[in-house]
file data31.cif (mmCIF, N, CA and C atoms)
data_input
#
loop_
_atom_site.label_atom_id
_atom_site.label_comp_id
_atom_site.auth_asym_id
_atom_site.auth_seq_id
_atom_site.Cartn_x
_atom_site.Cartn_y
_atom_site.Cartn_z
N MET K 148 -14.83 7.84 30.84
CA MET K 148 -13.81 7.72 29.84
C MET K 148 -13.89 6.32 29.21
N LYS K 149 -13.95 6.27 27.91
CA LYS K 149 -14.06 5.00 27.20
C LYS K 149 -12.68 4.37 27.07
N ARG K 150 -12.59 3.09 27.37
CA ARG K 150 -11.33 2.38 27.25
C ARG K 150 -11.13 1.91 25.83
N ARG K 151 -9.92 2.02 25.36
CA ARG K 151 -9.58 1.55 24.03
C ARG K 151 -9.24 0.07 24.12
N VAL K 152 -9.79 -0.70 23.22
CA VAL K 152 -9.55 -2.14 23.20
C VAL K 152 -8.51 -2.43 22.13
N TYR K 153 -7.44 -3.08 22.52
CA TYR K 153 -6.39 -3.46 21.58
C TYR K 153 -6.51 -4.94 21.30
N LYS K 154 -6.46 -5.26 20.03
CA LYS K 154 -6.58 -6.67 19.65
C LYS K 154 -5.22 -7.22 19.32
N HIS K 155 -4.99 -8.45 19.71
CA HIS K 155 -3.75 -9.14 19.36
C HIS K 155 -4.03 -9.93 18.08
N TYR K 156 -3.21 -9.70 17.06
CA TYR K 156 -3.40 -10.39 15.80
C TYR K 156 -2.42 -11.55 15.68
N SER K 157 -2.95 -12.72 15.52
CA SER K 157 -2.08 -13.89 15.37
C SER K 157 -1.65 -14.00 13.91
N GLN K 158 -0.69 -14.85 13.67
CA GLN K 158 -0.18 -15.06 12.32
C GLN K 158 -1.21 -15.75 11.43
N THR K 159 -2.27 -16.33 12.00
CA THR K 159 -3.22 -17.08 11.21
C THR K 159 -4.32 -16.20 10.60
N LEU K 160 -4.43 -14.95 11.00
CA LEU K 160 -5.46 -14.08 10.44
C LEU K 160 -5.07 -13.63 9.04
N THR K 161 -6.06 -13.53 8.18
CA THR K 161 -5.81 -12.98 6.85
C THR K 161 -5.73 -11.46 6.96
N ASP K 162 -5.26 -10.82 5.90
CA ASP K 162 -5.21 -9.35 5.90
C ASP K 162 -6.62 -8.77 6.03
N LEU K 163 -7.61 -9.42 5.40
CA LEU K 163 -8.99 -8.95 5.52
C LEU K 163 -9.46 -8.97 6.97
N GLU K 164 -9.12 -10.03 7.68
CA GLU K 164 -9.52 -10.14 9.09
C GLU K 164 -8.80 -9.11 9.95
N LYS K 165 -7.53 -8.83 9.64
CA LYS K 165 -6.78 -7.81 10.39
C LYS K 165 -7.42 -6.43 10.23
N TYR K 166 -7.94 -6.16 9.03
CA TYR K 166 -8.61 -4.89 8.76
C TYR K 166 -10.08 -4.90 9.20
N GLU K 167 -10.51 -6.06 9.76
CA GLU K 167 -11.89 -6.25 10.21
C GLU K 167 -12.89 -6.09 9.07
N LEU K 168 -12.53 -6.65 7.92
CA LEU K 168 -13.41 -6.67 6.75
C LEU K 168 -14.03 -8.05 6.65
N HIS K 169 -15.26 -8.10 6.18
CA HIS K 169 -15.99 -9.36 6.12
C HIS K 169 -16.48 -9.63 4.70
N GLY K 170 -16.56 -10.90 4.34
CA GLY K 170 -17.06 -11.28 3.02
C GLY K 170 -15.96 -11.32 1.99
N GLN K 171 -16.36 -11.40 0.74
CA GLN K 171 -15.43 -11.50 -0.37
C GLN K 171 -15.00 -10.11 -0.84
N VAL K 172 -14.18 -9.44 -0.06
CA VAL K 172 -13.70 -8.10 -0.40
C VAL K 172 -12.54 -8.24 -1.38
N LYS K 173 -12.63 -7.53 -2.51
CA LYS K 173 -11.55 -7.57 -3.50
C LYS K 173 -10.67 -6.34 -3.41
N GLN K 174 -11.26 -5.18 -3.10
CA GLN K 174 -10.50 -3.94 -3.02
C GLN K 174 -11.07 -3.03 -1.96
N VAL K 175 -10.16 -2.23 -1.39
CA VAL K 175 -10.55 -1.16 -0.47
C VAL K 175 -9.89 0.11 -0.97
N MET K 176 -10.67 1.17 -1.07
CA MET K 176 -10.12 2.45 -1.50
C MET K 176 -10.41 3.48 -0.42
N LEU K 177 -9.38 4.22 -0.04
CA LEU K 177 -9.53 5.28 0.94
C LEU K 177 -9.08 6.58 0.30
N THR K 178 -9.94 7.58 0.34
CA THR K 178 -9.62 8.91 -0.17
C THR K 178 -9.88 9.91 0.93
N THR K 179 -8.91 10.76 1.20
CA THR K 179 -9.02 11.76 2.26
C THR K 179 -9.23 13.13 1.62
N TYR K 180 -10.23 13.85 2.12
CA TYR K 180 -10.55 15.18 1.61
C TYR K 180 -10.27 16.23 2.68
N LYS K 181 -9.92 17.43 2.22
CA LYS K 181 -9.84 18.56 3.13
C LYS K 181 -11.27 18.96 3.48
N ALA K 182 -11.49 19.37 4.70
CA ALA K 182 -12.83 19.80 5.11
C ALA K 182 -12.88 21.32 5.16
N ILE K 183 -13.99 21.87 4.65
CA ILE K 183 -14.21 23.31 4.72
C ILE K 183 -15.61 23.56 5.27
N ARG K 184 -15.82 24.76 5.78
CA ARG K 184 -17.13 25.11 6.32
C ARG K 184 -17.85 25.98 5.29
N LYS K 185 -19.05 25.54 4.89
CA LYS K 185 -19.90 26.29 3.95
C LYS K 185 -21.27 26.44 4.58
N GLY K 186 -21.66 27.67 4.82
CA GLY K 186 -22.98 27.92 5.39
C GLY K 186 -23.17 27.26 6.74
N GLY K 187 -22.11 27.18 7.53
CA GLY K 187 -22.20 26.58 8.85
C GLY K 187 -22.13 25.06 8.86
N ILE K 188 -21.94 24.46 7.69
CA ILE K 188 -21.86 23.00 7.59
C ILE K 188 -20.47 22.62 7.09
N VAL K 189 -19.88 21.60 7.67
CA VAL K 189 -18.58 21.11 7.22
C VAL K 189 -18.81 20.15 6.05
N VAL K 190 -18.14 20.45 4.93
CA VAL K 190 -18.29 19.64 3.71
C VAL K 190 -16.90 19.31 3.16
N PRO K 191 -16.79 18.24 2.37
CA PRO K 191 -15.49 17.92 1.77
C PRO K 191 -15.14 18.91 0.67
N SER K 192 -13.86 19.19 0.56
CA SER K 192 -13.35 20.09 -0.47
C SER K 192 -12.46 19.28 -1.42
N LYS K 193 -11.23 19.71 -1.60
CA LYS K 193 -10.30 19.02 -2.49
C LYS K 193 -9.74 17.78 -1.83
N ILE K 194 -9.29 16.84 -2.67
CA ILE K 194 -8.64 15.64 -2.15
C ILE K 194 -7.35 16.04 -1.48
N GLU K 195 -7.11 15.49 -0.29
CA GLU K 195 -5.90 15.78 0.49
C GLU K 195 -4.74 14.98 -0.08
N LEU K 196 -3.80 15.67 -0.72
CA LEU K 196 -2.65 15.00 -1.31
C LEU K 196 -1.34 15.40 -0.66
N GLU K 197 -1.39 16.32 0.26
CA GLU K 197 -0.15 16.87 0.82
C GLU K 197 0.36 16.07 2.01
N SER K 198 -0.29 15.02 2.37
CA SER K 198 0.13 14.26 3.53
C SER K 198 0.78 12.95 3.10
N SER K 199 0.85 12.00 3.99
CA SER K 199 1.55 10.75 3.71
C SER K 199 0.80 9.90 2.69
N TYR K 200 1.51 8.91 2.16
CA TYR K 200 0.93 8.01 1.17
C TYR K 200 -0.22 7.18 1.73
N LYS K 201 -0.27 6.96 3.03
CA LYS K 201 -1.29 6.08 3.59
C LYS K 201 -2.65 6.76 3.77
N THR K 202 -2.83 8.00 3.30
CA THR K 202 -4.14 8.63 3.42
C THR K 202 -4.97 8.48 2.15
N ASN K 203 -4.36 8.14 1.04
CA ASN K 203 -5.07 7.90 -0.22
C ASN K 203 -4.48 6.64 -0.84
N TYR K 204 -5.27 5.57 -0.86
CA TYR K 204 -4.73 4.32 -1.36
C TYR K 204 -5.83 3.39 -1.85
N ILE K 205 -5.39 2.41 -2.64
CA ILE K 205 -6.25 1.31 -3.07
C ILE K 205 -5.49 0.03 -2.72
N THR K 206 -6.13 -0.85 -1.96
CA THR K 206 -5.54 -2.13 -1.59
C THR K 206 -6.37 -3.23 -2.22
N SER K 207 -5.70 -4.16 -2.91
CA SER K 207 -6.38 -5.28 -3.56
C SER K 207 -6.00 -6.58 -2.86
N PHE K 208 -7.00 -7.46 -2.71
CA PHE K 208 -6.82 -8.72 -2.01
C PHE K 208 -7.08 -9.88 -2.97
N ASP K 209 -6.45 -11.03 -2.69
CA ASP K 209 -6.75 -12.23 -3.48
C ASP K 209 -7.93 -12.96 -2.83
N GLU K 210 -8.29 -14.11 -3.39
CA GLU K 210 -9.46 -14.85 -2.90
C GLU K 210 -9.26 -15.41 -1.49
N LYS K 211 -8.00 -15.49 -1.02
CA LYS K 211 -7.73 -15.97 0.34
C LYS K 211 -7.69 -14.83 1.36
N GLY K 212 -7.85 -13.59 0.90
CA GLY K 212 -7.84 -12.46 1.81
C GLY K 212 -6.46 -11.87 2.06
N THR K 213 -5.49 -12.21 1.22
CA THR K 213 -4.12 -11.70 1.36
C THR K 213 -3.94 -10.48 0.48
N THR K 214 -3.30 -9.46 1.02
CA THR K 214 -3.00 -8.26 0.22
C THR K 214 -2.06 -8.64 -0.91
N ARG K 215 -2.43 -8.31 -2.14
CA ARG K 215 -1.59 -8.62 -3.29
C ARG K 215 -1.09 -7.38 -4.02
N ARG K 216 -1.75 -6.23 -3.79
CA ARG K 216 -1.35 -5.00 -4.48
C ARG K 216 -1.81 -3.80 -3.67
N GLU K 217 -0.93 -2.80 -3.57
CA GLU K 217 -1.28 -1.53 -2.94
C GLU K 217 -0.86 -0.40 -3.86
N GLU K 218 -1.76 0.54 -4.08
CA GLU K 218 -1.47 1.76 -4.82
C GLU K 218 -1.61 2.92 -3.85
N LEU K 219 -0.52 3.65 -3.64
CA LEU K 219 -0.49 4.74 -2.67
C LEU K 219 -0.28 6.05 -3.40
N TYR K 220 -1.04 7.09 -3.02
CA TYR K 220 -1.02 8.36 -3.72
C TYR K 220 -0.73 9.51 -2.76
N ASN K 221 0.04 10.49 -3.24
CA ASN K 221 0.16 11.78 -2.56
C ASN K 221 0.58 12.82 -3.60
N ASP K 222 0.89 14.04 -3.15
CA ASP K 222 1.21 15.09 -4.11
C ASP K 222 2.54 14.87 -4.81
N GLY K 223 3.34 13.92 -4.33
CA GLY K 223 4.62 13.62 -4.95
C GLY K 223 4.54 12.55 -6.02
N GLY K 224 3.37 11.94 -6.19
CA GLY K 224 3.22 10.90 -7.19
C GLY K 224 2.45 9.71 -6.69
N LYS K 225 2.82 8.56 -7.22
CA LYS K 225 2.12 7.31 -6.90
C LYS K 225 3.14 6.21 -6.73
N LYS K 226 2.87 5.30 -5.78
CA LYS K 226 3.70 4.13 -5.57
C LYS K 226 2.80 2.90 -5.66
N ILE K 227 3.29 1.88 -6.34
CA ILE K 227 2.56 0.62 -6.44
C ILE K 227 3.45 -0.48 -5.86
N TYR K 228 2.88 -1.27 -4.96
CA TYR K 228 3.58 -2.42 -4.38
C TYR K 228 2.82 -3.67 -4.79
N ILE K 229 3.55 -4.66 -5.30
CA ILE K 229 2.95 -5.94 -5.66
C ILE K 229 3.56 -6.99 -4.73
N PHE K 230 2.69 -7.81 -4.11
CA PHE K 230 3.11 -8.77 -3.10
C PHE K 230 2.94 -10.19 -3.60
N ASN K 231 3.77 -11.10 -3.08
CA ASN K 231 3.56 -12.52 -3.37
C ASN K 231 2.56 -13.09 -2.38
N GLU K 232 2.32 -14.40 -2.44
CA GLU K 232 1.30 -15.02 -1.58
C GLU K 232 1.67 -14.99 -0.10
N LYS K 233 2.95 -14.75 0.21
CA LYS K 233 3.38 -14.63 1.61
C LYS K 233 3.46 -13.17 2.06
N ARG K 234 3.00 -12.28 1.21
CA ARG K 234 2.93 -10.83 1.45
C ARG K 234 4.30 -10.15 1.49
N PHE K 235 5.26 -10.70 0.75
CA PHE K 235 6.54 -10.04 0.56
C PHE K 235 6.47 -9.21 -0.71
N VAL K 236 7.08 -8.05 -0.71
CA VAL K 236 7.06 -7.17 -1.89
C VAL K 236 7.94 -7.79 -2.97
N THR K 237 7.34 -8.04 -4.13
CA THR K 237 8.09 -8.57 -5.26
C THR K 237 8.36 -7.50 -6.31
N GLU K 238 7.53 -6.46 -6.32
CA GLU K 238 7.72 -5.36 -7.26
C GLU K 238 7.25 -4.06 -6.63
N HIS K 239 8.01 -3.01 -6.89
CA HIS K 239 7.70 -1.67 -6.37
C HIS K 239 7.91 -0.70 -7.52
N ILE K 240 6.85 0.00 -7.89
CA ILE K 240 6.90 0.93 -9.02
C ILE K 240 6.59 2.32 -8.50
N GLU K 241 7.43 3.29 -8.86
CA GLU K 241 7.22 4.67 -8.42
C GLU K 241 6.98 5.56 -9.64
N TYR K 242 5.97 6.42 -9.51
CA TYR K 242 5.64 7.39 -10.55
C TYR K 242 5.83 8.80 -10.01
N LYS K 243 6.27 9.70 -10.88
CA LYS K 243 6.44 11.10 -10.51
C LYS K 243 5.08 11.79 -10.47
N LYS K 244 5.10 13.02 -10.02
CA LYS K 244 3.88 13.82 -9.91
C LYS K 244 3.16 13.96 -11.25
N ASP K 245 3.92 14.05 -12.34
CA ASP K 245 3.32 14.22 -13.67
C ASP K 245 2.82 12.90 -14.27
N GLY K 246 2.97 11.80 -13.53
CA GLY K 246 2.49 10.50 -13.99
C GLY K 246 3.52 9.67 -14.72
N SER K 247 4.68 10.23 -14.99
CA SER K 247 5.73 9.48 -15.69
C SER K 247 6.45 8.55 -14.71
N LEU K 248 7.01 7.48 -15.24
CA LEU K 248 7.71 6.49 -14.44
C LEU K 248 8.97 7.08 -13.84
N GLU K 249 9.21 6.82 -12.55
CA GLU K 249 10.45 7.25 -11.91
C GLU K 249 11.42 6.08 -11.79
N ARG K 250 10.95 4.96 -11.21
CA ARG K 250 11.81 3.78 -11.10
C ARG K 250 10.98 2.54 -10.81
N THR K 251 11.57 1.39 -11.12
CA THR K 251 10.96 0.09 -10.86
C THR K 251 11.93 -0.76 -10.07
N THR K 252 11.44 -1.43 -9.05
CA THR K 252 12.28 -2.31 -8.23
C THR K 252 11.65 -3.69 -8.21
N LYS K 253 12.46 -4.71 -8.45
CA LYS K 253 12.00 -6.10 -8.38
C LYS K 253 12.83 -6.83 -7.34
N SER K 254 12.14 -7.62 -6.52
CA SER K 254 12.81 -8.35 -5.45
C SER K 254 12.52 -9.84 -5.58
N ARG K 255 13.51 -10.63 -5.18
CA ARG K 255 13.39 -12.08 -5.25
C ARG K 255 13.77 -12.66 -3.89
N TYR K 256 13.04 -13.71 -3.47
CA TYR K 256 13.25 -14.35 -2.17
C TYR K 256 13.57 -15.83 -2.35
N ASN K 257 14.32 -16.39 -1.40
CA ASN K 257 14.63 -17.82 -1.48
C ASN K 257 13.55 -18.64 -0.79
N GLU K 258 13.75 -19.95 -0.73
CA GLU K 258 12.74 -20.84 -0.15
C GLU K 258 12.56 -20.62 1.35
N ASN K 259 13.50 -19.93 2.01
CA ASN K 259 13.40 -19.60 3.43
C ASN K 259 12.86 -18.18 3.65
N ASP K 260 12.31 -17.59 2.61
CA ASP K 260 11.72 -16.25 2.64
C ASP K 260 12.74 -15.15 2.95
N LYS K 261 13.99 -15.38 2.61
CA LYS K 261 15.03 -14.36 2.78
C LYS K 261 15.22 -13.64 1.45
N LEU K 262 15.34 -12.33 1.52
CA LEU K 262 15.58 -11.54 0.31
C LEU K 262 16.95 -11.90 -0.25
N VAL K 263 16.98 -12.33 -1.50
CA VAL K 263 18.26 -12.69 -2.12
C VAL K 263 18.69 -11.70 -3.19
N GLU K 264 17.73 -10.94 -3.72
CA GLU K 264 18.08 -9.97 -4.75
C GLU K 264 17.02 -8.88 -4.82
N SER K 265 17.50 -7.65 -4.96
CA SER K 265 16.61 -6.52 -5.17
C SER K 265 17.31 -5.58 -6.15
N ILE K 266 16.67 -5.36 -7.27
CA ILE K 266 17.26 -4.52 -8.32
C ILE K 266 16.30 -3.38 -8.62
N SER K 267 16.82 -2.17 -8.56
CA SER K 267 16.01 -0.98 -8.83
C SER K 267 16.58 -0.27 -10.06
N ILE K 268 15.70 -0.03 -11.04
CA ILE K 268 16.10 0.59 -12.30
C ILE K 268 15.37 1.92 -12.47
N ASN K 269 16.13 2.97 -12.79
CA ASN K 269 15.54 4.29 -13.06
C ASN K 269 14.79 4.27 -14.38
N CYS K 270 13.98 5.30 -14.62
CA CYS K 270 13.16 5.36 -15.84
C CYS K 270 14.02 5.39 -17.11
N ASP K 271 15.26 5.87 -17.03
CA ASP K 271 16.13 5.92 -18.20
C ASP K 271 16.88 4.61 -18.43
N GLY K 272 16.62 3.59 -17.58
CA GLY K 272 17.27 2.30 -17.73
C GLY K 272 18.53 2.14 -16.90
N SER K 273 18.98 3.20 -16.24
CA SER K 273 20.19 3.11 -15.42
C SER K 273 19.88 2.45 -14.09
N LEU K 274 20.91 1.83 -13.52
CA LEU K 274 20.77 1.14 -12.25
C LEU K 274 20.71 2.14 -11.12
N TYR K 275 19.67 2.04 -10.28
CA TYR K 275 19.54 2.90 -9.09
C TYR K 275 20.24 2.22 -7.92
N TYR K 276 19.93 0.95 -7.69
CA TYR K 276 20.67 0.15 -6.71
C TYR K 276 20.46 -1.32 -7.00
N ARG K 277 21.37 -2.11 -6.41
CA ARG K 277 21.29 -3.56 -6.53
C ARG K 277 21.68 -4.16 -5.21
#
call {"tool": "encode", "arguments": {"input": "data31.cif", "output": "C-alpha cells"}}
result
Amino acid sequence: MKRRVYKHYSQTLTDLEKYELHGQVKQVMLTTYKAIRKGGIVVPSKIELESSYKTNYITSFDEKGTTRREELYNDGGKKIYIFNEKRFVTEHIEYKKDGSLERTTKSRYNENDKLVESISINCDGSLYYR
C-alpha cells in the first residue's frame, strides 16, 4: 500500500509553489471531459459542465506567482474572481448560462486586511447586498 505524503505549506510559498508549478507560469487551464468507451478504448466526449465550478477553470498568476484572476465555469454560467496582491477578492463577476451578466460585487479592505465594504449590484443596476 502506497503512503500518501501530505505537504505543509508555509505562508511564504507563492501560489505557483503551492500548486507545484515551476518556471514563469502565467495561466493554468483545466478542462474536464466526460469519458466514453469507443471500440474498447476510453476517449473524451463532451466537456463536463454539470459538476462544481472547480472542474473547469482558468487561473492567472502575476510575475511573483500570486493568483490574480480565476475564471470558473459550469452549466450554470461563469464566475470571475479578481484578487489583489495579498490574494483577497476585490471583484467578483457572475454570468448566467446564456452569457449575460448576472451581478458584480466589489470589495474593499483596510490597511489591516479587514473587509470594510462589499457591494453587489444586479445586472439591472439594483442593489443585491451591501
call {"tool": "resolve_selection", "arguments": {"input": "data31.cif", "expression": "the PyMOL selection byres (((chain K and resi 256 and name CA) around 10) and name CA)", "output": "VMD selection string"}}
result
chain K and resid 231 235 to 237 254 to 255 257 to 265
call {"tool": "write_last_selection", "arguments": {"input": "data31.cif", "atoms": "N, CA and C atoms", "output": "PDB file, keeping the file's coordinate frame"}}
result
ATOM      1  N   ASN K 231       3.770 -11.100  -3.080  1.00  0.00           N
ATOM      2  CA  ASN K 231       3.560 -12.520  -3.370  1.00  0.00           C
ATOM      3  C   ASN K 231       2.560 -13.090  -2.380  1.00  0.00           C
ATOM      4  N   PHE K 235       5.260 -10.700   0.750  1.00  0.00           N
ATOM      5  CA  PHE K 235       6.540 -10.040   0.560  1.00  0.00           C
ATOM      6  C   PHE K 235       6.470  -9.210  -0.710  1.00  0.00           C
ATOM      7  N   VAL K 236       7.080  -8.050  -0.710  1.00  0.00           N
ATOM      8  CA  VAL K 236       7.060  -7.170  -1.890  1.00  0.00           C
ATOM      9  C   VAL K 236       7.940  -7.790  -2.970  1.00  0.00           C
ATOM     10  N   THR K 237       7.340  -8.040  -4.130  1.00  0.00           N
ATOM     11  CA  THR K 237       8.090  -8.570  -5.260  1.00  0.00           C
ATOM     12  C   THR K 237       8.360  -7.500  -6.310  1.00  0.00           C
ATOM     13  N   SER K 254      12.140  -7.620  -6.520  1.00  0.00           N
ATOM     14  CA  SER K 254      12.810  -8.350  -5.450  1.00  0.00           C
ATOM     15  C   SER K 254      12.520  -9.840  -5.580  1.00  0.00           C
ATOM     16  N   ARG K 255      13.510 -10.630  -5.180  1.00  0.00           N
ATOM     17  CA  ARG K 255      13.390 -12.080  -5.250  1.00  0.00           C
ATOM     18  C   ARG K 255      13.770 -12.660  -3.890  1.00  0.00           C
ATOM     19  N   ASN K 257      14.320 -16.390  -1.400  1.00  0.00           N
ATOM     20  CA  ASN K 257      14.630 -17.820  -1.480  1.00  0.00           C
ATOM     21  C   ASN K 257      13.550 -18.640  -0.790  1.00  0.00           C
ATOM     22  N   GLU K 258      13.750 -19.950  -0.730  1.00  0.00           N
ATOM     23  CA  GLU K 258      12.740 -20.840  -0.150  1.00  0.00           C
ATOM     24  C   GLU K 258      12.560 -20.620   1.350  1.00  0.00           C
ATOM     25  N   ASN K 259      13.500 -19.930   2.010  1.00  0.00           N
ATOM     26  CA  ASN K 259      13.400 -19.600   3.430  1.00  0.00           C
ATOM     27  C   ASN K 259      12.860 -18.180   3.650  1.00  0.00           C
ATOM     28  N   ASP K 260      12.310 -17.590   2.610  1.00  0.00           N
ATOM     29  CA  ASP K 260      11.720 -16.250   2.640  1.00  0.00           C
ATOM     30  C   ASP K 260      12.740 -15.150   2.950  1.00  0.00           C
ATOM     31  N   LYS K 261      13.990 -15.380   2.610  1.00  0.00           N
ATOM     32  CA  LYS K 261      15.030 -14.360   2.780  1.00  0.00           C
ATOM     33  C   LYS K 261      15.220 -13.640   1.450  1.00  0.00           C
ATOM     34  N   LEU K 262      15.340 -12.330   1.520  1.00  0.00           N
ATOM     35  CA  LEU K 262      15.580 -11.540   0.310  1.00  0.00           C
ATOM     36  C   LEU K 262      16.950 -11.900  -0.250  1.00  0.00           C
ATOM     37  N   VAL K 263      16.980 -12.330  -1.500  1.00  0.00           N
ATOM     38  CA  VAL K 263      18.260 -12.690  -2.120  1.00  0.00           C
ATOM     39  C   VAL K 263      18.690 -11.700  -3.190  1.00  0.00           C
ATOM     40  N   GLU K 264      17.730 -10.940  -3.720  1.00  0.00           N
ATOM     41  CA  GLU K 264      18.080  -9.970  -4.750  1.00  0.00           C
ATOM     42  C   GLU K 264      17.020  -8.880  -4.820  1.00  0.00           C
ATOM     43  N   SER K 265      17.500  -7.650  -4.960  1.00  0.00           N
ATOM     44  CA  SER K 265      16.610  -6.520  -5.170  1.00  0.00           C
ATOM     45  C   SER K 265      17.310  -5.580  -6.150  1.00  0.00           C
TER      46      SER K 265
END
call {"tool": "residues_around", "arguments": {"input": "data31.cif", "residues": "Lys193 of chain K", "least_positions_apart": "3", "cutoff": "7 Å", "atoms": "all atoms listed in the file", "output": "PyMOL selection string"}}
result
chain K and resi 179-182+196
call {"tool": "axis_aligned_box", "arguments": {"input": "data31.cif", "around": "segment 234-241 of chain K", "padding_each_side": "4 Å", "output": "JSON"}}
result
{"center_x": 5.6, "center_y": -3.4, "center_z": -4.1, "size_x": 13.4, "size_y": 25.8, "size_z": 19.1}
call {"tool": "closest_residue", "arguments": {"input": "data31.cif", "among": "K:Asp271, K:Glu210, K:Asp162, K:Glu218", "to": "Glu241 of chain K", "atoms": "only C-alpha atoms"}}
result
K:Glu218
call {"tool": "residues_around", "arguments": {"input": "data31.cif", "residues": "Ile205 of chain K", "least_positions_apart": "5", "cutoff": "6 Å", "atoms": "only C-alpha atoms", "output": "mmCIF file with N, CA and C atoms, in the frame of the given file"}}
result
data_model
loop_
_atom_site.group_PDB
_atom_site.id
_atom_site.type_symbol
_atom_site.label_atom_id
_atom_site.label_comp_id
_atom_site.auth_asym_id
_atom_site.auth_seq_id
_atom_site.Cartn_x
_atom_site.Cartn_y
_atom_site.Cartn_z
ATOM 1 N N VAL K 175 -10.160 -2.230 -1.390
ATOM 2 C CA VAL K 175 -10.550 -1.160 -0.470
ATOM 3 C C VAL K 175 -9.890 0.110 -0.970
ATOM 4 N N MET K 176 -10.670 1.170 -1.070
ATOM 5 C CA MET K 176 -10.120 2.450 -1.500
ATOM 6 C C MET K 176 -10.410 3.480 -0.420
ATOM 7 N N GLU K 217 -0.930 -2.800 -3.570
ATOM 8 C CA GLU K 217 -1.280 -1.530 -2.940
ATOM 9 C C GLU K 217 -0.860 -0.400 -3.860
ATOM 10 N N GLU K 218 -1.760 0.540 -4.080
ATOM 11 C CA GLU K 218 -1.470 1.760 -4.820
ATOM 12 C C GLU K 218 -1.610 2.920 -3.850
#
call {"tool": "atom_distance", "arguments": {"input": "data31.cif", "atom1": "atom N of Asp245 of chain K", "atom2": "atom CA of Lys226 of chain K"}}
result
12.0 Å
call {"tool": "select_by_dssp", "arguments": {"input": "data31.cif", "residues": "chain K", "states": "alpha helix (DSSP H)", "output": "mmCIF file with N, CA and C atoms, in the frame of the given file"}}
result
data_model
loop_
_atom_site.group_PDB
_atom_site.id
_atom_site.type_symbol
_atom_site.label_atom_id
_atom_site.label_comp_id
_atom_site.auth_asym_id
_atom_site.auth_seq_id
_atom_site.Cartn_x
_atom_site.Cartn_y
_atom_site.Cartn_z
ATOM 1 N N ASP K 162 -5.260 -10.820 5.900
ATOM 2 C CA ASP K 162 -5.210 -9.350 5.900
ATOM 3 C C ASP K 162 -6.620 -8.770 6.030
ATOM 4 N N LEU K 163 -7.610 -9.420 5.400
ATOM 5 C CA LEU K 163 -8.990 -8.950 5.520
ATOM 6 C C LEU K 163 -9.460 -8.970 6.970
ATOM 7 N N GLU K 164 -9.120 -10.030 7.680
ATOM 8 C CA GLU K 164 -9.520 -10.140 9.090
ATOM 9 C C GLU K 164 -8.800 -9.110 9.950
ATOM 10 N N LYS K 165 -7.530 -8.830 9.640
ATOM 11 C CA LYS K 165 -6.780 -7.810 10.390
ATOM 12 C C LYS K 165 -7.420 -6.430 10.230
#
call {"tool": "residues_around", "arguments": {"input": "data31.cif", "residues": "Arg250 of chain K", "least_positions_apart": "2", "cutoff": "8 Å", "atoms": "all atoms listed in the file", "output": "PDB file with N, CA and C atoms, keeping the file's coordinate frame"}}
result
ATOM      1  N   HIS K 239       8.010  -3.010  -6.890  1.00  0.00           N
ATOM      2  CA  HIS K 239       7.700  -1.670  -6.370  1.00  0.00           C
ATOM      3  C   HIS K 239       7.910  -0.700  -7.520  1.00  0.00           C
ATOM      4  N   ILE K 240       6.850   0.000  -7.890  1.00  0.00           N
ATOM      5  CA  ILE K 240       6.900   0.930  -9.020  1.00  0.00           C
ATOM      6  C   ILE K 240       6.590   2.320  -8.500  1.00  0.00           C
ATOM      7  N   GLU K 241       7.430   3.290  -8.860  1.00  0.00           N
ATOM      8  CA  GLU K 241       7.220   4.670  -8.420  1.00  0.00           C
ATOM      9  C   GLU K 241       6.980   5.560  -9.640  1.00  0.00           C
ATOM     10  N   TYR K 242       5.970   6.420  -9.510  1.00  0.00           N
ATOM     11  CA  TYR K 242       5.640   7.390 -10.550  1.00  0.00           C
ATOM     12  C   TYR K 242       5.830   8.800 -10.010  1.00  0.00           C
ATOM     13  N   LYS K 243       6.270   9.700 -10.880  1.00  0.00           N
ATOM     14  CA  LYS K 243       6.440  11.100 -10.510  1.00  0.00           C
ATOM     15  C   LYS K 243       5.080  11.790 -10.470  1.00  0.00           C
ATOM     16  N   SER K 247       4.680  10.230 -14.990  1.00  0.00           N
ATOM     17  CA  SER K 247       5.730   9.480 -15.690  1.00  0.00           C
ATOM     18  C   SER K 247       6.450   8.550 -14.710  1.00  0.00           C
ATOM     19  N   LEU K 248       7.010   7.480 -15.240  1.00  0.00           N
ATOM     20  CA  LEU K 248       7.710   6.490 -14.440  1.00  0.00           C
ATOM     21  C   LEU K 248       8.970   7.080 -13.840  1.00  0.00           C
ATOM     22  N   THR K 252      11.440  -1.430  -9.050  1.00  0.00           N
ATOM     23  CA  THR K 252      12.280  -2.310  -8.230  1.00  0.00           C
ATOM     24  C   THR K 252      11.650  -3.690  -8.210  1.00  0.00           C
ATOM     25  N   LYS K 253      12.460  -4.710  -8.450  1.00  0.00           N
ATOM     26  CA  LYS K 253      12.000  -6.100  -8.380  1.00  0.00           C
ATOM     27  C   LYS K 253      12.830  -6.830  -7.340  1.00  0.00           C
ATOM     28  N   SER K 267      16.820  -2.170  -8.560  1.00  0.00           N
ATOM     29  CA  SER K 267      16.010  -0.980  -8.830  1.00  0.00           C
ATOM     30  C   SER K 267      16.580  -0.270 -10.060  1.00  0.00           C
ATOM     31  N   ILE K 268      15.700  -0.030 -11.040  1.00  0.00           N
ATOM     32  CA  ILE K 268      16.100   0.590 -12.300  1.00  0.00           C
ATOM     33  C   ILE K 268      15.370   1.920 -12.470  1.00  0.00           C
ATOM     34  N   ASN K 269      16.130   2.970 -12.790  1.00  0.00           N
ATOM     35  CA  ASN K 269      15.540   4.290 -13.060  1.00  0.00           C
ATOM     36  C   ASN K 269      14.790   4.270 -14.380  1.00  0.00           C
ATOM     37  N   CYS K 270      13.980   5.300 -14.620  1.00  0.00           N
ATOM     38  CA  CYS K 270      13.160   5.360 -15.840  1.00  0.00           C
ATOM     39  C   CYS K 270      14.020   5.390 -17.110  1.00  0.00           C
ATOM     40  N   ASP K 271      15.260   5.870 -17.030  1.00  0.00           N
ATOM     41  CA  ASP K 271      16.130   5.920 -18.200  1.00  0.00           C
ATOM     42  C   ASP K 271      16.880   4.610 -18.430  1.00  0.00           C
TER      43      ASP K 271
END
